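J.: Sharing a structure below in structure tokens format, with a few things to ask.
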Amino acid sequence: MLLLTFIQNAISQGISILFGATGEIVTEKSGNLNLGIPGIMYMGGIAGLMGAFFYEKSTETPNAFIGLVISFIVTLLASALGGLIYSVLTITLRANQNVVGLALTTFGVGFGNFFGGSISKLAGGVGQISVKTTASAYRAKLPLLHDIPVIGDLLFSYGFLTYLSVIISLLLAYFLKKTRKGLNLRAIGEDPGAADAAGINVSRYKYISTVSGAAIAGLGGLYFVMEYLGGTWTNNGFGDRGWLAIALVILALWKPVNAIWGSFLFGGLYILYIYLPGLTRATQELCKMLPYVVTIIVLILSSKRNKQENQPPASLGQAYFREER
């Protein structure tokens, strides 16, 4: 039973990381390196929570489904807005992608904590925010299947966002490998000049992939506040899951299917210290570094093998100047 509990918790920990990694993969395939993903996940999380909070506050008998729809849409809009800000600055104005991404992360974390603190006051104090009605819709388990012994607990005891994260990753893998638009996107990431010469609208692809990638990443924040925490907010409670999502992109070798099992591995490594007896506070902190250690090992191994399909997009992090092609 302890192993089953560990696997369940590892999956629960990995879902928000999977959303962030999937969003970052579709962004990086266009050549944009968005280090603002951690901040965008904060923006998505607090926006969805605020949408549900004000909805439940406005009526005496809130409906769980309506709260779910409102929070879901608000999260997509807020996180897409973060991606749009990044796109305007890096694609149109050609600002440095690293600087813009880090600034967006700082802004997003501050945005989340500011509005989290504000609605905490409206709710009556720190820790008083509760949107249980809406959160119950996010935490609803699959009927019947959940009751199957062991298998039900292992595979069917999660909310719909857990399954949605896996579905989005599989759809993205199909899109990148099997569709013409996916091939165009990969071509832009490898050589935007050649793609432009072939008639592909580089800026449009970069905008769409970056904004949609941010929207997907924002769902990681929504998952954390609704399904994982049950509809509440804690300042800085998201921890370093956003940075783990970016590290997971490297571990997954920019492949969405690899990100699925990689997120569960990261989730397990992230909470492993809880299940290891006799650890001191210092060794617990060392254990939390395991996901990054594994990422570095994979990066070294993939560099030594030097296979083209395991390398990042060739134009990653570089602004595209059409007049220089």
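Residue names in the structure tokens use chain letters A, B, ... in the order shown, residue numbers from 1 in each chain, and ligand numbers from 1 in the order shown.
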Would you mind listing what lies within 10 Å of Thr106 of chain A as number ranges by chain, with only C-alpha atoms counted and same-chain residues fewer than 6 positions away left out?

T.: A: 36, 38-40, 100

J.: Tell me which protein, DNA and RNA residues are within 10 Å of Lys255 of chain A, counting only C-alpha atoms, leaving out same-chain ones fewer than 2 positions away, and put them as a list in words.

T.: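 In the requested format, the answer is Ala21, Thr22, Ile25, Val26, Lys29, Ser169, Leu170, Leu172, Ala173, Leu176, Val249, Ile250, Leu251, Ala252, Leu253, Val257, Asn258, Ala259, Ile260, Glu309 and Asn310 of chain A.
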
J.: Any idea what the distance is between atom CA of Ser71 of chain A and atom CA of Met41 of chain A?

T.: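 Value for the atom CA of Ser71 of chain A-atom CA of Met41 of chain A distance: 13.9 Å.
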
J.: Could you list, as a VMD selection string, every residue within 8 Å of Ile46 of chain A, counting only C-alpha atoms and ignoring same-chain residues fewer than 6 positions away?

T.: chain A and resid 75 112 115 to 116 221 to 222 225 233

J.: Based on the selection just made, write C-alpha atoms of those residues as a short mmCIF file (atom, residue, chain, number, x, y, z; two decimals), in the first residue's frame.

T.:
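Heads up, here's the output in out11.cif:
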data_model
loop_
_atom_site.label_atom_id
_atom_site.label_comp_id
_atom_site.auth_asym_id
_atom_site.auth_seq_id
_atom_site.Cartn_x
_atom_site.Cartn_y
_atom_site.Cartn_z
CA THR A 75 -7.04 30.75 -16.57
CA GLY A 112 -0.05 35.78 -8.08
CA PHE A 115 -3.90 39.09 -5.89
CA GLY A 116 -3.72 36.00 -3.67
CA GLY A 221 -1.28 26.51 -12.08
CA LEU A 222 -5.03 25.87 -12.22
CA VAL A 225 -4.80 25.38 -6.80
CA TRP A 233 -4.10 29.77 -2.18
#

J.: Just the residues within 12 Å of Phe321 of chain A, please, counting only C-alpha atoms, with nothing from its chain fewer than 3 positions along; format it as a list of chain:residue names.

T.: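 The contact residues come out as A:Thr90, A:Ile91, A:Thr92, A:Leu93, A:Arg94, A:Ala95, A:Asp191, A:Pro192, A:Gly193, A:Asp196, A:Val202, A:Ser203, A:Ser315, A:Gln318, A:Glu324, A:Arg325.
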
J.: From segment 89-240 of chain A, collect each residue whose DSSP state is alpha helix (DSSP H) and return the set as a short mmCIF file (atom, residue, chain, number, x, y, z; two decimals) with N, CA, C and O atoms, in the first residue's frame.

T.:
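What follows is the written file part-v9.cif:
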data_model
loop_
_atom_site.label_atom_id
_atom_site.label_comp_id
_atom_site.auth_asym_id
_atom_site.auth_seq_id
_atom_site.Cartn_x
_atom_site.Cartn_y
_atom_site.Cartn_z
N GLN A 97 15.37 37.18 -25.32
CA GLN A 97 14.39 36.22 -24.81
C GLN A 97 14.65 35.83 -23.36
O GLN A 97 13.71 35.65 -22.58
N ASN A 98 15.90 35.69 -22.99
CA ASN A 98 16.21 35.31 -21.61
C ASN A 98 15.78 36.40 -20.63
O ASN A 98 15.19 36.12 -19.58
N VAL A 99 16.08 37.65 -20.97
CA VAL A 99 15.74 38.77 -20.08
C VAL A 99 14.23 38.89 -19.95
O VAL A 99 13.68 39.05 -18.83
N VAL A 100 13.52 38.82 -21.08
CA VAL A 100 12.06 38.95 -21.04
C VAL A 100 11.44 37.80 -20.24
O VAL A 100 10.53 38.00 -19.43
N GLY A 101 11.95 36.58 -20.46
CA GLY A 101 11.40 35.43 -19.75
C GLY A 101 11.58 35.55 -18.24
O GLY A 101 10.64 35.31 -17.47
N LEU A 102 12.77 35.93 -17.81
CA LEU A 102 13.01 36.06 -16.37
C LEU A 102 12.18 37.19 -15.77
O LEU A 102 11.67 37.09 -14.65
N ALA A 103 12.04 38.29 -16.52
CA ALA A 103 11.20 39.39 -16.05
C ALA A 103 9.74 38.93 -15.93
O ALA A 103 9.04 39.30 -14.97
N LEU A 104 9.29 38.13 -16.88
CA LEU A 104 7.91 37.64 -16.84
C LEU A 104 7.68 36.71 -15.65
O LEU A 104 6.62 36.74 -15.02
N THR A 105 8.68 35.91 -15.33
CA THR A 105 8.56 35.04 -14.15
C THR A 105 8.46 35.88 -12.88
O THR A 105 7.62 35.63 -12.01
N THR A 106 9.32 36.88 -12.76
CA THR A 106 9.27 37.75 -11.58
C THR A 106 7.91 38.44 -11.49
O THR A 106 7.29 38.52 -10.42
N PHE A 107 7.43 38.96 -12.64
CA PHE A 107 6.12 39.63 -12.66
C PHE A 107 5.00 38.66 -12.30
O PHE A 107 4.11 38.98 -11.49
N GLY A 108 5.03 37.45 -12.87
CA GLY A 108 3.96 36.48 -12.64
C GLY A 108 3.87 36.04 -11.19
O GLY A 108 2.77 35.93 -10.63
N VAL A 109 5.02 35.81 -10.55
CA VAL A 109 5.01 35.40 -9.14
C VAL A 109 4.46 36.54 -8.28
O VAL A 109 3.63 36.33 -7.38
N GLY A 110 4.90 37.78 -8.57
CA GLY A 110 4.38 38.93 -7.84
C GLY A 110 2.89 39.12 -8.08
O GLY A 110 2.13 39.42 -7.15
N PHE A 111 2.45 38.94 -9.33
CA PHE A 111 1.04 39.04 -9.69
C PHE A 111 0.21 38.05 -8.88
O PHE A 111 -0.83 38.39 -8.31
N GLY A 112 0.69 36.81 -8.81
CA GLY A 112 -0.05 35.78 -8.08
C GLY A 112 -0.11 36.08 -6.59
O GLY A 112 -1.18 36.00 -5.97
N ASN A 113 1.02 36.45 -6.01
CA ASN A 113 1.04 36.71 -4.57
C ASN A 113 0.23 37.95 -4.20
O ASN A 113 -0.42 38.00 -3.14
N PHE A 114 0.28 38.99 -5.08
CA PHE A 114 -0.47 40.22 -4.78
C PHE A 114 -1.97 39.95 -4.76
O PHE A 114 -2.67 40.29 -3.80
N PHE A 115 -2.46 39.33 -5.83
CA PHE A 115 -3.90 39.09 -5.89
C PHE A 115 -4.32 37.97 -4.94
O PHE A 115 -5.46 37.97 -4.45
N GLY A 116 -3.41 37.02 -4.66
CA GLY A 116 -3.72 36.00 -3.67
C GLY A 116 -3.90 36.63 -2.30
O GLY A 116 -4.83 36.30 -1.55
N GLY A 117 -3.01 37.59 -1.96
CA GLY A 117 -3.13 38.28 -0.68
C GLY A 117 -4.38 39.15 -0.63
O GLY A 117 -5.04 39.25 0.41
N SER A 118 -4.73 39.75 -1.78
CA SER A 118 -5.90 40.64 -1.81
C SER A 118 -7.19 39.88 -1.58
O SER A 118 -8.04 40.29 -0.79
N ILE A 119 -7.36 38.76 -2.27
CA ILE A 119 -8.62 38.03 -2.07
C ILE A 119 -8.61 37.29 -0.73
O ILE A 119 -9.68 36.96 -0.21
N SER A 120 -7.41 37.07 -0.15
CA SER A 120 -7.36 36.51 1.21
C SER A 120 -8.00 37.48 2.19
O SER A 120 -8.74 37.08 3.10
N LYS A 121 -7.72 38.79 2.00
CA LYS A 121 -8.33 39.81 2.88
C LYS A 121 -9.84 39.83 2.69
O LYS A 121 -10.60 39.94 3.66
N LEU A 122 -10.29 39.74 1.43
CA LEU A 122 -11.73 39.72 1.17
C LEU A 122 -12.39 38.50 1.79
O LEU A 122 -13.55 38.55 2.22
N ALA A 123 -11.63 37.39 1.84
CA ALA A 123 -12.20 36.14 2.38
C ALA A 123 -12.16 36.09 3.90
O ALA A 123 -12.74 35.20 4.50
N LYS A 132 -14.67 25.60 -2.45
CA LYS A 132 -14.87 24.14 -2.36
C LYS A 132 -15.82 23.63 -3.42
O LYS A 132 -15.64 22.52 -3.93
N THR A 133 -16.84 24.42 -3.74
CA THR A 133 -17.82 23.95 -4.72
C THR A 133 -17.17 23.74 -6.07
O THR A 133 -17.33 22.69 -6.71
N THR A 134 -16.43 24.76 -6.53
CA THR A 134 -15.74 24.64 -7.82
C THR A 134 -14.66 23.55 -7.76
O THR A 134 -14.53 22.75 -8.69
N ALA A 135 -13.92 23.52 -6.67
CA ALA A 135 -12.85 22.52 -6.54
C ALA A 135 -13.40 21.10 -6.56
O ALA A 135 -12.72 20.18 -7.04
N SER A 136 -14.63 20.92 -6.06
CA SER A 136 -15.21 19.57 -6.07
C SER A 136 -15.40 19.05 -7.49
O SER A 136 -15.30 17.84 -7.73
N ALA A 137 -15.67 19.98 -8.43
CA ALA A 137 -15.81 19.56 -9.84
C ALA A 137 -14.45 19.14 -10.39
O ALA A 137 -14.36 18.19 -11.18
N TYR A 138 -13.40 19.86 -10.01
CA TYR A 138 -12.06 19.50 -10.47
C TYR A 138 -11.57 18.19 -9.85
O TYR A 138 -10.78 17.47 -10.44
N ARG A 139 -12.03 17.90 -8.63
CA ARG A 139 -11.56 16.70 -7.92
C ARG A 139 -12.45 15.48 -8.15
O ARG A 139 -12.16 14.41 -7.61
N ILE A 151 -6.27 -1.14 -9.24
CA ILE A 151 -6.22 -0.48 -10.55
C ILE A 151 -6.99 0.83 -10.51
O ILE A 151 -6.56 1.85 -11.07
N GLY A 152 -8.15 0.82 -9.85
CA GLY A 152 -8.95 2.03 -9.74
C GLY A 152 -8.21 3.13 -9.00
O GLY A 152 -8.21 4.30 -9.41
N ASP A 153 -7.56 2.76 -7.90
CA ASP A 153 -6.79 3.76 -7.14
C ASP A 153 -5.59 4.26 -7.94
O ASP A 153 -5.24 5.44 -7.88
N LEU A 154 -4.97 3.37 -8.71
CA LEU A 154 -3.74 3.73 -9.42
C LEU A 154 -4.02 4.57 -10.67
O LEU A 154 -3.30 5.53 -10.95
N LEU A 155 -5.08 4.23 -11.41
CA LEU A 155 -5.31 4.85 -12.72
C LEU A 155 -6.51 5.78 -12.79
O LEU A 155 -6.55 6.68 -13.64
N PHE A 160 -10.24 15.50 -13.76
CA PHE A 160 -10.16 15.48 -15.23
C PHE A 160 -8.92 16.20 -15.77
O PHE A 160 -8.44 15.89 -16.86
N LEU A 161 -8.36 17.16 -15.00
CA LEU A 161 -7.17 17.86 -15.50
C LEU A 161 -5.98 16.90 -15.63
O LEU A 161 -5.11 17.10 -16.48
N THR A 162 -5.93 15.88 -14.78
CA THR A 162 -4.84 14.90 -14.87
C THR A 162 -4.87 14.20 -16.23
O THR A 162 -3.84 14.10 -16.92
N TYR A 163 -6.05 13.76 -16.63
CA TYR A 163 -6.17 13.06 -17.91
C TYR A 163 -6.01 14.04 -19.08
O TYR A 163 -5.45 13.68 -20.13
N LEU A 164 -6.48 15.28 -18.88
CA LEU A 164 -6.35 16.28 -19.94
C LEU A 164 -4.88 16.58 -20.23
O LEU A 164 -4.49 16.77 -21.39
N SER A 165 -4.04 16.60 -19.18
CA SER A 165 -2.62 16.88 -19.39
C SER A 165 -1.97 15.82 -20.28
O SER A 165 -1.17 16.14 -21.16
N VAL A 166 -2.33 14.55 -20.05
CA VAL A 166 -1.78 13.46 -20.87
C VAL A 166 -2.31 13.54 -22.30
O VAL A 166 -1.56 13.37 -23.27
N ILE A 167 -3.60 13.83 -22.44
CA ILE A 167 -4.21 13.92 -23.77
C ILE A 167 -3.57 15.04 -24.58
O ILE A 167 -3.26 14.88 -25.77
N ILE A 168 -3.35 16.19 -23.95
CA ILE A 168 -2.73 17.32 -24.67
C ILE A 168 -1.32 16.95 -25.14
O ILE A 168 -0.92 17.26 -26.27
N SER A 169 -0.56 16.25 -24.30
CA SER A 169 0.79 15.84 -24.69
C SER A 169 0.76 14.88 -25.88
O SER A 169 1.57 15.01 -26.81
N LEU A 170 -0.18 13.93 -25.85
CA LEU A 170 -0.28 12.98 -26.96
C LEU A 170 -0.71 13.69 -28.25
O LEU A 170 -0.19 13.39 -29.34
N LEU A 171 -1.66 14.62 -28.14
CA LEU A 171 -2.10 15.37 -29.31
C LEU A 171 -0.96 16.22 -29.88
O LEU A 171 -0.81 16.35 -31.10
N LEU A 172 -0.17 16.81 -28.98
CA LEU A 172 0.96 17.62 -29.45
C LEU A 172 1.99 16.75 -30.17
O LEU A 172 2.55 17.16 -31.20
N ALA A 173 2.23 15.54 -29.65
CA ALA A 173 3.16 14.62 -30.32
C ALA A 173 2.66 14.29 -31.72
O ALA A 173 3.45 14.27 -32.69
N TYR A 174 1.37 14.03 -31.85
CA TYR A 174 0.79 13.73 -33.17
C TYR A 174 0.90 14.95 -34.08
O TYR A 174 1.28 14.83 -35.26
N PHE A 175 0.59 16.12 -33.54
CA PHE A 175 0.64 17.35 -34.34
C PHE A 175 2.05 17.60 -34.89
O PHE A 175 2.22 17.93 -36.07
N LEU A 176 3.05 17.43 -34.05
CA LEU A 176 4.42 17.72 -34.48
C LEU A 176 4.95 16.71 -35.49
O LEU A 176 5.73 17.06 -36.38
N LYS A 177 4.51 15.45 -35.37
CA LYS A 177 5.06 14.40 -36.22
C LYS A 177 4.25 14.13 -37.48
O LYS A 177 4.81 13.78 -38.52
N LYS A 178 2.93 14.29 -37.38
CA LYS A 178 2.08 13.77 -38.45
C LYS A 178 1.37 14.85 -39.26
O LYS A 178 0.62 14.50 -40.18
N ARG A 180 1.21 18.73 -41.41
CA ARG A 180 2.04 19.69 -42.16
C ARG A 180 2.35 20.93 -41.31
O ARG A 180 3.46 21.45 -41.35
N LYS A 181 1.35 21.39 -40.57
CA LYS A 181 1.59 22.57 -39.72
C LYS A 181 2.64 22.26 -38.64
O LYS A 181 3.44 23.11 -38.27
N GLY A 182 2.62 21.02 -38.14
CA GLY A 182 3.63 20.63 -37.17
C GLY A 182 5.02 20.61 -37.79
O GLY A 182 6.01 21.03 -37.18
N LEU A 183 5.09 20.13 -39.03
CA LEU A 183 6.37 20.12 -39.74
C LEU A 183 6.86 21.55 -40.00
O LEU A 183 8.06 21.85 -39.85
N ASN A 184 5.92 22.43 -40.34
CA ASN A 184 6.29 23.84 -40.54
C ASN A 184 6.85 24.45 -39.26
O ASN A 184 7.84 25.19 -39.28
N LEU A 185 6.19 24.12 -38.13
CA LEU A 185 6.65 24.66 -36.85
C LEU A 185 8.06 24.17 -36.52
O LEU A 185 8.92 24.95 -36.08
N ARG A 186 8.31 22.90 -36.75
CA ARG A 186 9.65 22.36 -36.49
C ARG A 186 10.68 22.99 -37.42
O ARG A 186 11.83 23.25 -37.03
N ALA A 187 10.27 23.25 -38.66
CA ALA A 187 11.20 23.87 -39.62
C ALA A 187 11.59 25.28 -39.16
O ALA A 187 12.74 25.69 -39.29
N ILE A 188 10.61 26.01 -38.61
CA ILE A 188 10.90 27.36 -38.12
C ILE A 188 11.90 27.31 -36.96
O ILE A 188 12.81 28.13 -36.86
N GLY A 189 11.73 26.32 -36.08
CA GLY A 189 12.64 26.19 -34.96
C GLY A 189 14.05 25.83 -35.39
O GLY A 189 15.03 26.23 -34.75
N GLU A 190 14.17 25.08 -36.46
CA GLU A 190 15.50 24.68 -36.93
C GLU A 190 16.17 25.77 -37.77
O GLU A 190 17.35 26.08 -37.59
N PRO A 192 14.63 29.36 -39.30
CA PRO A 192 13.53 30.27 -39.67
C PRO A 192 13.76 30.96 -41.01
O PRO A 192 12.78 31.26 -41.72
N GLY A 193 15.02 31.20 -41.39
CA GLY A 193 15.31 31.84 -42.67
C GLY A 193 14.86 30.97 -43.84
O GLY A 193 14.21 31.43 -44.78
N ALA A 194 15.21 29.67 -43.78
CA ALA A 194 14.82 28.75 -44.84
C ALA A 194 13.30 28.57 -44.87
O ALA A 194 12.70 28.49 -45.95
N ALA A 195 12.68 28.49 -43.67
CA ALA A 195 11.23 28.36 -43.62
C ALA A 195 10.55 29.58 -44.23
O ALA A 195 9.56 29.47 -44.97
N ASP A 196 11.08 30.76 -43.94
CA ASP A 196 10.53 32.00 -44.49
C ASP A 196 10.66 32.02 -46.01
O ASP A 196 9.72 32.39 -46.73
N ALA A 197 11.82 31.57 -46.50
CA ALA A 197 12.03 31.53 -47.95
C ALA A 197 11.08 30.55 -48.63
O ALA A 197 10.74 30.71 -49.81
N VAL A 202 6.68 33.01 -40.53
CA VAL A 202 7.44 32.70 -39.32
C VAL A 202 6.83 33.39 -38.09
O VAL A 202 6.62 32.77 -37.04
N SER A 203 6.52 34.67 -38.21
CA SER A 203 5.99 35.42 -37.06
C SER A 203 4.66 34.85 -36.60
O SER A 203 4.41 34.72 -35.39
N ARG A 204 3.79 34.50 -37.55
CA ARG A 204 2.48 33.96 -37.16
C ARG A 204 2.64 32.65 -36.40
O ARG A 204 2.00 32.43 -35.36
N TYR A 205 3.49 31.77 -36.88
CA TYR A 205 3.71 30.50 -36.19
C TYR A 205 4.30 30.72 -34.80
O TYR A 205 3.93 30.05 -33.83
N LYS A 206 5.24 31.64 -34.70
CA LYS A 206 5.86 31.91 -33.40
C LYS A 206 4.84 32.45 -32.41
O LYS A 206 4.81 32.07 -31.24
N TYR A 207 4.00 33.38 -32.89
CA TYR A 207 2.96 33.95 -32.01
C TYR A 207 2.01 32.86 -31.53
O TYR A 207 1.72 32.74 -30.33
N ILE A 208 1.47 32.09 -32.47
CA ILE A 208 0.47 31.08 -32.12
C ILE A 208 1.06 30.03 -31.18
O ILE A 208 0.44 29.66 -30.17
N SER A 209 2.26 29.55 -31.48
CA SER A 209 2.85 28.50 -30.63
C SER A 209 3.19 29.03 -29.24
O SER A 209 2.99 28.34 -28.23
N THR A 210 3.67 30.27 -29.15
CA THR A 210 4.06 30.82 -27.85
C THR A 210 2.84 31.12 -26.99
O THR A 210 2.82 30.82 -25.78
N VAL A 211 1.80 31.71 -27.60
CA VAL A 211 0.59 32.03 -26.83
C VAL A 211 -0.14 30.75 -26.41
O VAL A 211 -0.58 30.63 -25.26
N SER A 212 -0.27 29.79 -27.33
CA SER A 212 -0.95 28.54 -26.97
C SER A 212 -0.11 27.76 -25.96
O SER A 212 -0.67 27.11 -25.05
N GLY A 213 1.21 27.81 -26.07
CA GLY A 213 2.06 27.14 -25.08
C GLY A 213 1.90 27.74 -23.70
O GLY A 213 1.86 27.02 -22.70
N ALA A 214 1.76 29.06 -23.63
CA ALA A 214 1.54 29.72 -22.34
C ALA A 214 0.19 29.32 -21.76
O ALA A 214 0.06 29.11 -20.54
N ALA A 215 -0.83 29.23 -22.62
CA ALA A 215 -2.16 28.84 -22.14
C ALA A 215 -2.13 27.44 -21.55
O ALA A 215 -2.74 27.18 -20.50
N ILE A 216 -1.42 26.53 -22.20
CA ILE A 216 -1.30 25.15 -21.69
C ILE A 216 -0.56 25.16 -20.35
O ILE A 216 -0.96 24.50 -19.39
N ALA A 217 0.53 25.92 -20.27
CA ALA A 217 1.30 25.98 -19.02
C ALA A 217 0.46 26.54 -17.88
O ALA A 217 0.57 26.09 -16.73
N GLY A 218 -0.39 27.53 -18.18
CA GLY A 218 -1.23 28.12 -17.14
C GLY A 218 -2.16 27.12 -16.51
O GLY A 218 -2.54 27.25 -15.33
N LEU A 219 -2.56 26.09 -17.28
CA LEU A 219 -3.42 25.04 -16.71
C LEU A 219 -2.71 24.29 -15.59
O LEU A 219 -3.35 23.70 -14.72
N GLY A 220 -1.36 24.29 -15.62
CA GLY A 220 -0.62 23.68 -14.52
C GLY A 220 -0.86 24.41 -13.21
O GLY A 220 -0.97 23.78 -12.14
N GLY A 221 -0.96 25.74 -13.28
CA GLY A 221 -1.28 26.51 -12.08
C GLY A 221 -2.70 26.25 -11.61
O GLY A 221 -2.97 26.13 -10.41
N LEU A 222 -3.63 26.15 -12.57
CA LEU A 222 -5.03 25.87 -12.22
C LEU A 222 -5.14 24.50 -11.56
O LEU A 222 -5.86 24.33 -10.56
N TYR A 223 -4.43 23.52 -12.11
CA TYR A 223 -4.44 22.18 -11.52
C TYR A 223 -3.96 22.24 -10.06
O TYR A 223 -4.57 21.63 -9.18
#

J.: Atom CA of Trp243 of chain A and atom CA of Leu229 of chain A, how far apart in Å?

T.: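 Those two atoms sit 19.6 Å apart.
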
J.: Pick the closest to Gly267 of chain A from A:Arg241, A:Pro313, A:Leu286, A:Lys307: which is it, counting only C-alpha atoms?

T.: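 Among the listed residues, the smallest separation from Gly267 of chain A belongs to A:Arg241.
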
J.: Work out how far atom CA of Leu290 of chain A is from atom CA of Leu269 of chain A, in Å to one decimal.

T.: 6.1 Å

J.: Got a sec: who's within 12 Å of Asp240 of chain A, counting only C-alpha atoms, leaving out chain neighbours fewer than 2 positions off, as a CSV table (one decimal) with N, CA and C atoms, in the first residue's frame?

T.:
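Printed below is selection.csv as written:
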chain,number,residue,atom,x,y,z
A,13,GLN,N,1.9,15.0,-8.1
A,13,GLN,CA,3.0,16.0,-8.1
A,13,GLN,C,3.4,16.4,-9.5
A,16,SER,N,1.2,19.1,-12.7
A,16,SER,CA,1.4,20.6,-13.0
A,16,SER,C,2.7,20.8,-13.7
A,17,ILE,N,3.7,19.9,-13.5
A,17,ILE,CA,5.0,20.0,-14.2
A,17,ILE,C,4.8,19.6,-15.6
A,20,GLY,N,3.3,22.5,-17.6
A,20,GLY,CA,4.3,23.5,-17.9
A,20,GLY,C,5.3,23.0,-19.0
A,37,ILE,N,7.7,30.7,-18.1
A,37,ILE,CA,6.7,29.7,-17.7
A,37,ILE,C,6.4,29.6,-16.2
A,38,PRO,N,7.4,29.7,-15.3
A,38,PRO,CA,7.0,29.7,-13.9
A,38,PRO,C,6.0,30.8,-13.5
A,39,GLY,N,6.3,32.0,-14.0
A,39,GLY,CA,5.4,33.1,-13.7
A,39,GLY,C,4.1,33.0,-14.3
A,41,MET,N,2.5,30.2,-14.9
A,41,MET,CA,1.8,29.2,-14.2
A,41,MET,C,1.1,29.9,-12.9
A,42,TYR,N,1.9,30.8,-12.3
A,42,TYR,CA,1.3,31.5,-11.2
A,42,TYR,C,0.1,32.4,-11.6
A,105,THR,N,8.7,35.9,-15.3
A,105,THR,CA,8.6,35.0,-14.2
A,105,THR,C,8.5,35.9,-12.9
A,109,VAL,N,5.0,35.8,-10.6
A,109,VAL,CA,5.0,35.4,-9.1
A,109,VAL,C,4.5,36.5,-8.3
A,221,GLY,N,-1.0,25.7,-13.3
A,221,GLY,CA,-1.3,26.5,-12.1
A,221,GLY,C,-2.7,26.2,-11.6
A,236,ASN,N,3.6,31.9,-2.7
A,236,ASN,CA,4.8,31.1,-3.1
A,236,ASN,C,4.6,29.6,-2.9
A,237,GLY,N,3.4,29.2,-2.8
A,237,GLY,CA,3.1,27.7,-2.5
A,237,GLY,C,3.5,26.9,-3.7
A,238,PHE,N,3.6,27.5,-4.9
A,238,PHE,CA,3.8,26.7,-6.1
A,238,PHE,C,5.2,26.1,-6.1
A,242,GLY,N,7.6,25.3,-11.6
A,242,GLY,CA,7.8,25.9,-12.9
A,242,GLY,C,9.1,25.7,-13.5
A,243,TRP,N,10.1,25.8,-12.7
A,243,TRP,CA,11.5,25.5,-13.2
A,243,TRP,C,11.7,24.1,-13.5
A,244,LEU,N,11.1,23.2,-12.7
A,244,LEU,CA,11.1,21.8,-13.0
A,244,LEU,C,10.5,21.5,-14.3
A,245,ALA,N,9.5,22.2,-14.7
A,245,ALA,CA,8.8,22.0,-16.0
A,245,ALA,C,9.8,22.3,-17.1
A,246,ILE,N,10.6,23.4,-17.0
A,246,ILE,CA,11.6,23.8,-18.0
A,246,ILE,C,12.7,22.7,-18.0
A,247,ALA,N,13.1,22.2,-16.8
A,247,ALA,CA,14.1,21.2,-16.8
A,247,ALA,C,13.6,19.9,-17.5
A,266,PHE,N,9.8,12.9,-12.3
A,266,PHE,CA,10.1,14.1,-11.5
A,266,PHE,C,9.2,14.2,-10.3
A,267,GLY,N,7.9,13.9,-10.4
A,267,GLY,CA,7.0,14.0,-9.3
A,267,GLY,C,7.5,13.0,-8.2
A,270,TYR,N,10.7,14.3,-6.6
A,270,TYR,CA,10.4,15.5,-5.8
A,270,TYR,C,9.9,15.2,-4.4
A,288,LYS,N,15.7,16.9,-2.8
A,288,LYS,CA,14.9,17.7,-3.7
A,288,LYS,C,15.7,18.1,-5.0
A,289,MET,N,17.0,18.0,-5.0
A,289,MET,CA,17.8,18.3,-6.2
A,289,MET,C,17.8,17.2,-7.2
A,291,PRO,N,15.7,15.7,-9.3
A,291,PRO,CA,15.2,16.0,-10.7
A,291,PRO,C,16.3,16.7,-11.5
A,292,TYR,N,16.9,17.7,-10.9
A,292,TYR,CA,17.9,18.5,-11.7
A,292,TYR,C,19.2,17.6,-12.0
